[in-house]
$ cat structure.cif   # mmCIF, C-alpha atoms
data_work
loop_
_atom_site.group_PDB
_atom_site.id
_atom_site.type_symbol
_atom_site.label_atom_id
_atom_site.label_comp_id
_atom_site.auth_asym_id
_atom_site.auth_seq_id
_atom_site.Cartn_x
_atom_site.Cartn_y
_atom_site.Cartn_z
ATOM 1 C CA MET R 1 -13.041 -33.887 -24.155
ATOM 2 C CA LYS R 2 -11.845 -35.001 -20.765
ATOM 3 C CA ASN R 3 -8.216 -35.071 -21.879
ATOM 4 C CA GLY R 4 -8.610 -31.602 -23.367
ATOM 5 C CA THR R 5 -9.931 -30.240 -20.069
ATOM 6 C CA ILE R 6 -7.041 -31.777 -18.149
ATOM 7 C CA TYR R 7 -4.620 -30.278 -20.673
ATOM 8 C CA LYS R 8 -6.113 -26.799 -20.228
ATOM 9 C CA ILE R 9 -5.965 -27.090 -16.437
ATOM 10 C CA GLY R 10 -2.337 -28.123 -16.706
ATOM 11 C CA ILE R 11 -1.509 -25.114 -18.888
ATOM 12 C CA VAL R 12 -3.223 -22.743 -16.452
ATOM 13 C CA ALA R 13 -1.390 -24.314 -13.512
ATOM 14 C CA LEU R 14 1.962 -23.992 -15.264
ATOM 15 C CA ALA R 15 1.257 -20.361 -16.149
ATOM 16 C CA PHE R 16 0.304 -19.629 -12.551
ATOM 17 C CA MET R 17 3.471 -21.263 -11.230
ATOM 18 C CA ALA R 18 5.557 -19.332 -13.748
ATOM 19 C CA SER R 19 4.008 -16.022 -12.662
ATOM 20 C CA ILE R 20 4.779 -16.830 -9.027
ATOM 21 C CA ALA R 21 8.383 -17.616 -9.937
ATOM 22 C CA VAL R 22 8.717 -14.298 -11.803
ATOM 23 C CA GLN R 23 7.251 -12.361 -8.876
ATOM 24 C CA ALA R 24 9.593 -14.144 -6.486
ATOM 25 C CA GLN R 25 12.570 -13.230 -8.665
ATOM 26 C CA PHE R 26 11.522 -9.567 -8.777
ATOM 27 C CA SER R 27 11.108 -9.570 -4.994
ATOM 28 C CA TYR R 28 14.548 -11.089 -4.517
ATOM 29 C CA ASP R 29 16.108 -8.548 -6.904
ATOM 30 C CA TYR R 30 14.479 -5.637 -5.066
ATOM 31 C CA LEU R 31 15.918 -6.777 -1.758
ATOM 32 C CA ARG R 32 19.346 -7.534 -3.190
ATOM 33 C CA ASN R 33 19.572 -4.112 -4.840
ATOM 34 C CA ALA R 34 18.280 -2.382 -1.723
ATOM 35 C CA ASP R 35 20.957 -3.993 0.434
ATOM 36 C CA LYS R 36 23.612 -3.148 -2.150
ATOM 37 C CA PHE R 37 22.745 0.562 -2.224
ATOM 38 C CA TYR R 38 22.347 0.637 1.557
ATOM 39 C CA ALA R 39 25.870 -0.729 1.965
ATOM 40 C CA LYS R 40 27.157 1.996 -0.382
ATOM 41 C CA GLY R 41 25.460 4.719 1.639
ATOM 42 C CA ASP R 42 23.002 5.569 -1.152
ATOM 43 C CA TYR R 43 20.044 5.624 1.211
ATOM 44 C CA PHE R 44 17.661 7.364 -1.181
ATOM 45 C CA THR R 45 17.951 4.624 -3.814
ATOM 46 C CA ALA R 46 17.967 1.887 -1.187
ATOM 47 C CA ALA R 47 14.695 3.222 0.221
ATOM 48 C CA GLN R 48 13.036 2.986 -3.197
ATOM 49 C CA TYR R 49 14.005 -0.667 -3.516
ATOM 50 C CA TYR R 50 12.961 -1.532 0.047
ATOM 51 C CA GLU R 51 9.583 0.075 -0.649
ATOM 52 C CA LYS R 52 9.225 -1.976 -3.839
ATOM 53 C CA TYR R 53 10.171 -5.153 -1.991
ATOM 54 C CA LEU R 54 7.557 -4.593 0.701
ATOM 55 C CA GLN R 55 4.920 -3.655 -1.856
ATOM 56 C CA ALA R 56 5.669 -6.719 -3.991
ATOM 57 C CA ASN R 57 5.318 -9.040 -1.012
ATOM 58 C CA LYS R 58 2.146 -7.282 0.088
ATOM 59 C CA LYS R 59 0.581 -7.843 -3.334
ATOM 60 C CA LYS R 60 1.454 -11.524 -3.149
ATOM 61 C CA GLY R 61 -0.084 -11.783 0.285
ATOM 62 C CA ASN R 62 3.372 -12.650 1.587
ATOM 63 C CA GLU R 63 3.648 -10.209 4.479
ATOM 64 C CA GLY R 64 6.539 -12.153 5.913
ATOM 65 C CA GLY R 65 8.742 -11.433 2.938
ATOM 66 C CA TYR R 66 9.872 -15.039 2.473
ATOM 67 C CA GLU R 67 12.909 -15.303 0.242
ATOM 68 C CA PRO R 68 12.425 -18.387 -1.954
ATOM 69 C CA TYR R 69 16.051 -18.514 -3.099
ATOM 70 C CA SER R 70 17.627 -18.609 0.343
ATOM 71 C CA ALA R 71 18.456 -21.935 1.952
ATOM 72 C CA GLN R 72 15.988 -22.591 4.759
ATOM 73 C CA SER R 73 14.621 -25.663 6.459
ATOM 74 C CA LEU R 74 10.853 -26.028 6.223
ATOM 75 C CA ASN R 75 10.294 -25.800 9.963
ATOM 76 C CA LYS R 76 11.999 -22.379 10.079
ATOM 77 C CA VAL R 77 10.326 -20.717 7.101
ATOM 78 C CA VAL R 78 7.619 -18.830 9.005
ATOM 79 C CA GLY R 79 9.894 -17.404 11.697
ATOM 80 C CA LYS R 80 12.633 -16.468 9.272
ATOM 81 C CA ALA R 81 10.162 -14.823 6.904
ATOM 82 C CA SER R 82 8.787 -12.657 9.679
ATOM 83 C CA ASN R 83 12.270 -11.584 10.721
ATOM 84 C CA SER R 84 13.130 -10.780 7.111
ATOM 85 C CA ARG R 85 10.242 -8.328 6.765
ATOM 86 C CA GLU R 86 10.995 -6.696 10.111
ATOM 87 C CA LYS R 87 14.608 -6.133 9.098
ATOM 88 C CA VAL R 88 13.492 -4.544 5.839
ATOM 89 C CA VAL R 89 11.051 -2.234 7.637
ATOM 90 C CA TYR R 90 13.760 -1.146 10.073
ATOM 91 C CA LYS R 91 16.347 -0.582 7.340
ATOM 92 C CA LEU R 92 13.781 1.392 5.336
ATOM 93 C CA ALA R 93 13.203 3.642 8.352
ATOM 94 C CA GLU R 94 16.976 4.003 8.713
ATOM 95 C CA CYS R 95 17.273 5.036 5.064
ATOM 96 C CA TYR R 96 14.715 7.801 5.410
ATOM 97 C CA ARG R 97 16.324 9.079 8.609
ATOM 98 C CA LYS R 98 19.799 9.077 7.122
ATOM 99 C CA TYR R 99 18.778 11.363 4.296
ATOM 100 C CA ASN R 100 16.634 13.489 6.625
ATOM 101 C CA ASP R 101 13.179 12.501 5.398
ATOM 102 C CA PHE R 102 11.748 12.381 8.899
ATOM 103 C CA GLY R 103 8.156 12.255 7.675
ATOM 104 C CA ASN R 104 8.648 8.804 6.179
ATOM 105 C CA ALA R 105 11.140 7.834 8.877
ATOM 106 C CA GLU R 106 8.476 8.438 11.523
ATOM 107 C CA LYS R 107 6.019 6.220 9.656
ATOM 108 C CA TRP R 108 8.339 3.226 9.422
ATOM 109 C CA TYR R 109 9.940 3.643 12.844
ATOM 110 C CA ALA R 110 6.412 3.647 14.292
ATOM 111 C CA GLU R 111 6.002 0.147 12.887
ATOM 112 C CA ALA R 112 9.499 -0.942 13.889
ATOM 113 C CA ALA R 113 8.899 0.311 17.440
ATOM 114 C CA LYS R 114 6.362 -2.507 17.832
ATOM 115 C CA PHE R 115 8.929 -5.194 17.039
ATOM 116 C CA ASP R 116 10.864 -7.235 19.578
ATOM 117 C CA THR R 117 13.080 -4.786 21.470
ATOM 118 C CA ALA R 118 15.761 -7.444 21.825
ATOM 119 C CA GLN R 119 16.118 -7.533 18.038
ATOM 120 C CA PHE R 120 15.625 -3.800 17.433
ATOM 121 C CA PRO R 121 16.641 -2.065 20.680
ATOM 122 C CA GLN R 122 16.971 1.456 19.220
ATOM 123 C CA ALA R 123 13.768 1.476 17.141
ATOM 124 C CA ARG R 124 11.813 3.339 19.826
ATOM 125 C CA TYR R 125 14.605 5.861 20.260
ATOM 126 C CA TRP R 126 14.683 6.752 16.571
ATOM 127 C CA HIS R 127 10.898 6.881 16.440
ATOM 128 C CA ALA R 128 11.011 9.471 19.214
ATOM 129 C CA VAL R 129 13.734 11.413 17.372
ATOM 130 C CA SER R 130 11.590 11.445 14.234
ATOM 131 C CA LEU R 131 8.594 12.745 16.174
ATOM 132 C CA ARG R 132 10.725 15.528 17.639
ATOM 133 C CA ALA R 133 12.157 16.396 14.213
ATOM 134 C CA ASN R 134 8.603 16.676 12.879
ATOM 135 C CA GLY R 135 7.647 19.131 15.611
ATOM 136 C CA LYS R 136 5.436 16.666 17.500
ATOM 137 C CA TYR R 137 6.959 17.574 20.829
ATOM 138 C CA ASP R 138 4.349 16.096 23.169
ATOM 139 C CA GLU R 139 4.370 12.769 21.328
ATOM 140 C CA ALA R 140 8.160 12.802 21.203
ATOM 141 C CA ARG R 141 8.386 13.434 24.922
ATOM 142 C CA ALA R 142 6.080 10.501 25.658
ATOM 143 C CA ALA R 143 8.059 8.302 23.257
ATOM 144 C CA PHE R 144 11.391 9.187 24.875
ATOM 145 C CA GLN R 145 9.949 8.529 28.324
ATOM 146 C CA ASN R 146 8.739 5.145 27.129
ATOM 147 C CA PHE R 147 12.175 4.415 25.683
ATOM 148 C CA THR R 148 14.102 5.385 28.816
ATOM 149 C CA GLN R 149 11.802 3.285 30.991
ATOM 150 C CA SER R 150 12.221 0.150 28.882
ATOM 151 C CA TYR R 151 15.823 0.544 27.689
ATOM 152 C CA THR R 152 18.124 -1.202 30.149
ATOM 153 C CA ARG R 153 21.476 -0.674 28.446
ATOM 154 C CA LYS R 154 23.896 1.891 29.857
ATOM 155 C CA ASP R 155 25.195 3.294 26.598
ATOM 156 C CA ASP R 156 25.219 6.406 24.434
ATOM 157 C CA PHE R 157 21.565 5.988 23.445
ATOM 158 C CA ALA R 158 20.494 6.068 27.083
ATOM 159 C CA VAL R 159 22.483 9.272 27.629
ATOM 160 C CA LYS R 160 21.167 10.926 24.466
ATOM 161 C CA ALA R 161 17.576 10.007 25.301
ATOM 162 C CA LYS R 162 17.843 11.833 28.636
ATOM 163 C CA LYS R 163 19.296 14.881 26.878
ATOM 164 C CA GLU R 164 16.457 14.769 24.367
ATOM 165 C CA LEU R 165 13.961 14.756 27.227
ATOM 166 C CA ASP R 166 15.662 17.760 28.818
ATOM 167 C CA ASN R 167 15.540 19.591 25.485
ATOM 168 C CA LEU R 168 11.852 18.819 25.052
ATOM 169 C CA ILE R 169 11.106 20.104 28.542
ATOM 170 C CA PHE R 170 12.968 23.302 27.638
ATOM 171 C CA ILE R 171 11.070 23.613 24.335
ATOM 172 C CA ASP R 172 7.774 23.183 26.151
ATOM 173 C CA ALA R 173 8.684 25.936 28.609
ATOM 174 C CA GLN R 174 9.694 28.298 25.804
ATOM 175 C CA LEU R 175 6.520 27.683 23.819
ATOM 176 C CA LYS R 176 4.434 28.572 26.858
ATOM 177 C CA LYS R 177 5.996 32.020 27.248
ATOM 178 C CA SER R 178 3.552 34.876 26.881
ATOM 179 C CA ASP R 179 5.932 37.121 24.926
ATOM 180 C CA LEU R 180 6.467 34.829 21.933
ATOM 181 C CA GLY R 181 4.570 37.244 19.701
ATOM 182 C CA MET R 182 7.285 39.852 20.222
ATOM 183 C CA TYR R 183 9.793 37.819 18.232
ATOM 184 C CA VAL R 184 9.551 37.294 14.490
ATOM 185 C CA ILE R 185 12.117 35.538 12.316
ATOM 186 C CA GLY R 186 11.949 36.357 8.629
ATOM 187 C CA LYS R 187 14.012 35.969 5.498
ATOM 188 C CA ALA R 188 15.683 39.126 4.178
ATOM 189 C CA ASP R 189 15.318 40.078 0.519
ATOM 190 C CA SER R 190 17.923 39.488 -2.189
ATOM 191 C CA THR R 191 19.734 42.773 -1.500
ATOM 192 C CA VAL R 192 21.272 41.226 1.614
ATOM 193 C CA ASN R 193 24.449 39.229 0.964
ATOM 194 C CA PRO R 194 24.061 39.155 -2.841
ATOM 195 C CA VAL R 195 27.545 37.662 -3.317
ATOM 196 C CA GLY R 196 28.645 35.907 -0.153
ATOM 197 C CA ALA R 197 27.617 35.333 3.432
ATOM 198 C CA ASN R 198 28.345 37.500 6.465
ATOM 199 C CA TYR R 199 28.180 35.665 9.741
ATOM 200 C CA ALA R 200 28.497 38.473 12.283
ATOM 201 C CA PRO R 201 25.106 39.719 13.575
ATOM 202 C CA VAL R 202 24.362 43.415 13.200
ATOM 203 C CA ALA R 203 21.921 45.504 15.243
ATOM 204 C CA ALA R 204 20.249 48.391 13.404
ATOM 205 C CA ASN R 205 17.211 50.454 14.430
ATOM 206 C CA GLY R 206 16.228 47.984 17.110
ATOM 207 C CA VAL R 207 16.437 44.991 14.748
ATOM 208 C CA LEU R 208 19.075 42.246 14.946
ATOM 209 C CA TYR R 209 20.160 40.998 11.523
ATOM 210 C CA PHE R 210 21.993 37.684 11.241
ATOM 211 C CA THR R 211 22.714 34.960 8.714
ATOM 212 C CA SER R 212 22.514 31.218 9.168
#
$ encode --input "structure.cif" --output "structure tokens"
Amino acid sequence: MKNGTIYKIGIVALAFMASIAVQAQFSYDYLRNADKFYAKGDYFTAAQYYEKYLQANKKKGNEGGYEPYSAQSLNKVVGKASNSREKVVYKLAECYRKYNDFGNAEKWYAEAAKFDTAQFPQARYWHAVSLRANGKYDEARAAFQNFTQSYTRKDDFAVKAKKELDNLIFIDAQLKKSDLGMYVIGKADSTVNPVGANYAPVAANGVLYFTS
């Protein structure tokens, strides 16, 4: 009876270890495929695999995203795992931005913006860009101000951040104008440009018609 119990425990333990190995392999494959599609510029597909990788590690309770098949010394596992997940989060945000899904880009850049700025110096900038793209102008303005105050590099991102701030100040001024209700932009019906596009604006009966 005792031997039978030990045998059953051994079988359960082996099954558990096998399931962990399978999950680890799936996780590794997700990340490998994600990086492959990212390198090819297929950001939509890469995003799907990065999402699956993060979800798989979340289910396992492995928030760090430890890669069991990579060579690592035991005393560096925790730090490396954390960095691995942060890189995936940032690259996922990049994927969404690069195919103009700023809703999801904002979500993941918001998380990446909390990471070490030395490792991800532009995360706050792109988070602010995503907020602006989503029409959250006040939040975007605050985010750009935060970025410019903490970003010490004198590069193109610093210049663009200042331009973004100027644009947001201009947008704010325009939105506060009292005559906004006088202007309406609408889509013309199918009788306009049924074959091709005309790019010159035309004024008729006090209305300016244009294509874009």
$ atom_distance --input "structure.cif" --atom1 "CA of Tyr90 (chain R)" --atom2 "CA of Asp166 (chain R)"
26.7 Å
$ residues_near_point --input "structure.cif" --point "(19.4, 40.3, 15.0)" --cutoff "12 Å" --atoms "all atoms listed in the file" --output "PyMOL selection string"
chain R and resi 183-188+199-212
$ write_last_selection --input "structure.cif" --atoms "C-alpha atoms" --output "CSV table (one decimal), in the frame of the given file"
chain,number,residue,atom,x,y,z
R,183,TYR,CA,9.8,37.8,18.2
R,184,VAL,CA,9.6,37.3,14.5
R,185,ILE,CA,12.1,35.5,12.3
R,186,GLY,CA,11.9,36.4,8.6
R,187,LYS,CA,14.0,36.0,5.5
R,188,ALA,CA,15.7,39.1,4.2
R,199,TYR,CA,28.2,35.7,9.7
R,200,ALA,CA,28.5,38.5,12.3
R,201,PRO,CA,25.1,39.7,13.6
R,202,VAL,CA,24.4,43.4,13.2
R,203,ALA,CA,21.9,45.5,15.2
R,204,ALA,CA,20.2,48.4,13.4
R,205,ASN,CA,17.2,50.5,14.4
R,206,GLY,CA,16.2,48.0,17.1
R,207,VAL,CA,16.4,45.0,14.7
R,208,LEU,CA,19.1,42.2,14.9
R,209,TYR,CA,20.2,41.0,11.5
R,210,PHE,CA,22.0,37.7,11.2
R,211,THR,CA,22.7,35.0,8.7
R,212,SER,CA,22.5,31.2,9.2
$ residues_around --input "structure.cif" --residues "Ala46 (chain R)" --least-positions-apart "6" --cutoff "10 Å" --atoms "all atoms listed in the file" --output "PyMOL selection string"
chain R and resi 30-40+52+91-92+95-96
$ resolve_selection --input "structure.cif" --expression "the PyMOL selection byres ((chain R and resi 106) around 9)" --output "NGL selection string"
:R and (93 or 96-97 or 101-105 or 107-111 or 126-131 or 134)
$ residues_around --input "structure.cif" --residues "Arg141 (chain R)" --least-positions-apart "6" --cutoff "9 Å" --atoms "all atoms listed in the file" --output "list of chain:residue names"
R:Ala128, R:Leu131, R:Arg132, R:Glu164, R:Leu165, R:Leu168, R:Ile169
$ atom_distance --input "structure.cif" --atom1 "CA of Asp42 (chain R)" --atom2 "CA of Ala140 (chain R)"
27.8 Å
$ axis_aligned_box --input "structure.cif" --around "region 81-100 of chain R" --padding-each-side "6 Å" --output "AutoDock Vina command-line options"
--center_x 14.3 --center_y -0.7 --center_z 7.5 --size_x 23.0 --size_y 40.3 --size_z 18.4
$ resolve_selection --input "structure.cif" --expression "the PyMOL selection byres ((chain R and resi 161) around 9)" --output "ChimeraX atom specification"
/R:125,128-129,144-145,147-148,156-160,162-166
$ atom_distance --input "structure.cif" --atom1 "CA of Tyr53 (chain R)" --atom2 "CA of Ala118 (chain R)"
24.6 Å
$ closest_residue --input "structure.cif" --among "R:Ser150, R:Tyr28, R:Gln174, R:Glu94" --to "Gly41 (chain R)" --atoms "only C-alpha atoms"
R:Glu94
$ build_atoms --input "structure.cif" --residues "region 135-169 of chain R" --atoms "N, CA and C atoms" --output "PDB file, in the frame of the given file"
ATOM      1  N   GLY R 135       8.331  18.129  14.805  1.00  0.00           N
ATOM      2  CA  GLY R 135       7.647  19.131  15.611  1.00  0.00           C
ATOM      3  C   GLY R 135       6.534  18.590  16.483  1.00  0.00           C
ATOM      4  N   LYS R 136       6.466  17.280  16.654  1.00  0.00           N
ATOM      5  CA  LYS R 136       5.436  16.666  17.500  1.00  0.00           C
ATOM      6  C   LYS R 136       6.024  16.467  18.900  1.00  0.00           C
ATOM      7  N   TYR R 137       6.182  17.577  19.597  1.00  0.00           N
ATOM      8  CA  TYR R 137       6.959  17.574  20.829  1.00  0.00           C
ATOM      9  C   TYR R 137       6.316  16.767  21.953  1.00  0.00           C
ATOM     10  N   ASP R 138       5.013  16.853  22.103  1.00  0.00           N
ATOM     11  CA  ASP R 138       4.349  16.096  23.169  1.00  0.00           C
ATOM     12  C   ASP R 138       4.464  14.592  22.923  1.00  0.00           C
ATOM     13  N   GLU R 139       4.254  14.190  21.668  1.00  0.00           N
ATOM     14  CA  GLU R 139       4.370  12.769  21.328  1.00  0.00           C
ATOM     15  C   GLU R 139       5.813  12.297  21.479  1.00  0.00           C
ATOM     16  N   ALA R 140       6.747  13.155  21.089  1.00  0.00           N
ATOM     17  CA  ALA R 140       8.160  12.802  21.203  1.00  0.00           C
ATOM     18  C   ALA R 140       8.559  12.630  22.665  1.00  0.00           C
ATOM     19  N   ARG R 141       8.062  13.518  23.494  1.00  0.00           N
ATOM     20  CA  ARG R 141       8.386  13.434  24.922  1.00  0.00           C
ATOM     21  C   ARG R 141       7.872  12.128  25.521  1.00  0.00           C
ATOM     22  N   ALA R 142       6.650  11.760  25.168  1.00  0.00           N
ATOM     23  CA  ALA R 142       6.080  10.501  25.658  1.00  0.00           C
ATOM     24  C   ALA R 142       6.871   9.309  25.127  1.00  0.00           C
ATOM     25  N   ALA R 143       7.300   9.397  23.865  1.00  0.00           N
ATOM     26  CA  ALA R 143       8.059   8.302  23.257  1.00  0.00           C
ATOM     27  C   ALA R 143       9.426   8.149  23.910  1.00  0.00           C
ATOM     28  N   PHE R 144      10.088   9.263  24.206  1.00  0.00           N
ATOM     29  CA  PHE R 144      11.391   9.187  24.875  1.00  0.00           C
ATOM     30  C   PHE R 144      11.242   8.646  26.302  1.00  0.00           C
ATOM     31  N   GLN R 145      10.189   9.050  26.979  1.00  0.00           N
ATOM     32  CA  GLN R 145       9.949   8.529  28.324  1.00  0.00           C
ATOM     33  C   GLN R 145       9.724   7.023  28.288  1.00  0.00           C
ATOM     34  N   ASN R 146       8.981   6.576  27.296  1.00  0.00           N
ATOM     35  CA  ASN R 146       8.739   5.145  27.129  1.00  0.00           C
ATOM     36  C   ASN R 146      10.046   4.412  26.846  1.00  0.00           C
ATOM     37  N   PHE R 147      10.889   5.032  26.024  1.00  0.00           N
ATOM     38  CA  PHE R 147      12.175   4.415  25.683  1.00  0.00           C
ATOM     39  C   PHE R 147      13.076   4.305  26.909  1.00  0.00           C
ATOM     40  N   THR R 148      13.203   5.396  27.657  1.00  0.00           N
ATOM     41  CA  THR R 148      14.102   5.385  28.816  1.00  0.00           C
ATOM     42  C   THR R 148      13.633   4.413  29.895  1.00  0.00           C
ATOM     43  N   GLN R 149      12.332   4.204  29.987  1.00  0.00           N
ATOM     44  CA  GLN R 149      11.802   3.285  30.991  1.00  0.00           C
ATOM     45  C   GLN R 149      12.040   1.820  30.625  1.00  0.00           C
ATOM     46  N   SER R 150      12.082   1.544  29.322  1.00  0.00           N
ATOM     47  CA  SER R 150      12.221   0.150  28.882  1.00  0.00           C
ATOM     48  C   SER R 150      13.639  -0.212  28.440  1.00  0.00           C
ATOM     49  N   TYR R 151      14.472   0.797  28.193  1.00  0.00           N
ATOM     50  CA  TYR R 151      15.823   0.544  27.689  1.00  0.00           C
ATOM     51  C   TYR R 151      16.766   0.334  28.868  1.00  0.00           C
ATOM     52  N   THR R 152      17.316  -0.852  28.975  1.00  0.00           N
ATOM     53  CA  THR R 152      18.124  -1.202  30.149  1.00  0.00           C
ATOM     54  C   THR R 152      19.625  -1.041  29.932  1.00  0.00           C
ATOM     55  N   ARG R 153      20.043  -0.804  28.706  1.00  0.00           N
ATOM     56  CA  ARG R 153      21.476  -0.674  28.446  1.00  0.00           C
ATOM     57  C   ARG R 153      22.002   0.671  28.953  1.00  0.00           C
ATOM     58  N   LYS R 154      23.235   0.664  29.412  1.00  0.00           N
ATOM     59  CA  LYS R 154      23.896   1.891  29.857  1.00  0.00           C
ATOM     60  C   LYS R 154      24.876   2.317  28.766  1.00  0.00           C
ATOM     61  N   ASP R 155      24.350   2.919  27.727  1.00  0.00           N
ATOM     62  CA  ASP R 155      25.195   3.294  26.598  1.00  0.00           C
ATOM     63  C   ASP R 155      24.863   4.703  26.125  1.00  0.00           C
ATOM     64  N   ASP R 156      25.384   5.054  24.961  1.00  0.00           N
ATOM     65  CA  ASP R 156      25.219   6.406  24.434  1.00  0.00           C
ATOM     66  C   ASP R 156      23.757   6.739  24.146  1.00  0.00           C
ATOM     67  N   PHE R 157      22.977   5.738  23.738  1.00  0.00           N
ATOM     68  CA  PHE R 157      21.565   5.988  23.445  1.00  0.00           C
ATOM     69  C   PHE R 157      20.797   6.364  24.712  1.00  0.00           C
ATOM     70  N   ALA R 158      21.145   5.737  25.815  1.00  0.00           N
ATOM     71  CA  ALA R 158      20.494   6.068  27.083  1.00  0.00           C
ATOM     72  C   ALA R 158      20.811   7.504  27.486  1.00  0.00           C
ATOM     73  N   VAL R 159      22.067   7.906  27.291  1.00  0.00           N
ATOM     74  CA  VAL R 159      22.483   9.272  27.629  1.00  0.00           C
ATOM     75  C   VAL R 159      21.791  10.284  26.722  1.00  0.00           C
ATOM     76  N   LYS R 160      21.777   9.992  25.424  1.00  0.00           N
ATOM     77  CA  LYS R 160      21.167  10.926  24.466  1.00  0.00           C
ATOM     78  C   LYS R 160      19.662  11.046  24.675  1.00  0.00           C
ATOM     79  N   ALA R 161      19.024   9.961  25.065  1.00  0.00           N
ATOM     80  CA  ALA R 161      17.576  10.007  25.301  1.00  0.00           C
ATOM     81  C   ALA R 161      17.246  10.952  26.453  1.00  0.00           C
ATOM     82  N   LYS R 162      18.066  10.929  27.500  1.00  0.00           N
ATOM     83  CA  LYS R 162      17.843  11.833  28.636  1.00  0.00           C
ATOM     84  C   LYS R 162      18.064  13.288  28.224  1.00  0.00           C
ATOM     85  N   LYS R 163      19.062  13.523  27.374  1.00  0.00           N
ATOM     86  CA  LYS R 163      19.296  14.881  26.878  1.00  0.00           C
ATOM     87  C   LYS R 163      18.134  15.349  26.011  1.00  0.00           C
ATOM     88  N   GLU R 164      17.611  14.434  25.206  1.00  0.00           N
ATOM     89  CA  GLU R 164      16.457  14.769  24.367  1.00  0.00           C
ATOM     90  C   GLU R 164      15.262  15.160  25.237  1.00  0.00           C
ATOM     91  N   LEU R 165      15.065  14.436  26.317  1.00  0.00           N
ATOM     92  CA  LEU R 165      13.961  14.756  27.227  1.00  0.00           C
ATOM     93  C   LEU R 165      14.147  16.135  27.848  1.00  0.00           C
ATOM     94  N   ASP R 166      15.375  16.436  28.251  1.00  0.00           N
ATOM     95  CA  ASP R 166      15.662  17.760  28.818  1.00  0.00           C
ATOM     96  C   ASP R 166      15.382  18.856  27.789  1.00  0.00           C
ATOM     97  N   ASN R 167      15.776  18.607  26.544  1.00  0.00           N
ATOM     98  CA  ASN R 167      15.540  19.591  25.485  1.00  0.00           C
ATOM     99  C   ASN R 167      14.047  19.802  25.238  1.00  0.00           C
ATOM    100  N   LEU R 168      13.294  18.715  25.281  1.00  0.00           N
ATOM    101  CA  LEU R 168      11.852  18.819  25.052  1.00  0.00           C
ATOM    102  C   LEU R 168      11.156  19.554  26.198  1.00  0.00           C
ATOM    103  N   ILE R 169      11.647  19.358  27.398  1.00  0.00           N
ATOM    104  CA  ILE R 169      11.106  20.104  28.542  1.00  0.00           C
ATOM    105  C   ILE R 169      11.390  21.594  28.365  1.00  0.00           C
TER     106      ILE R 169
END
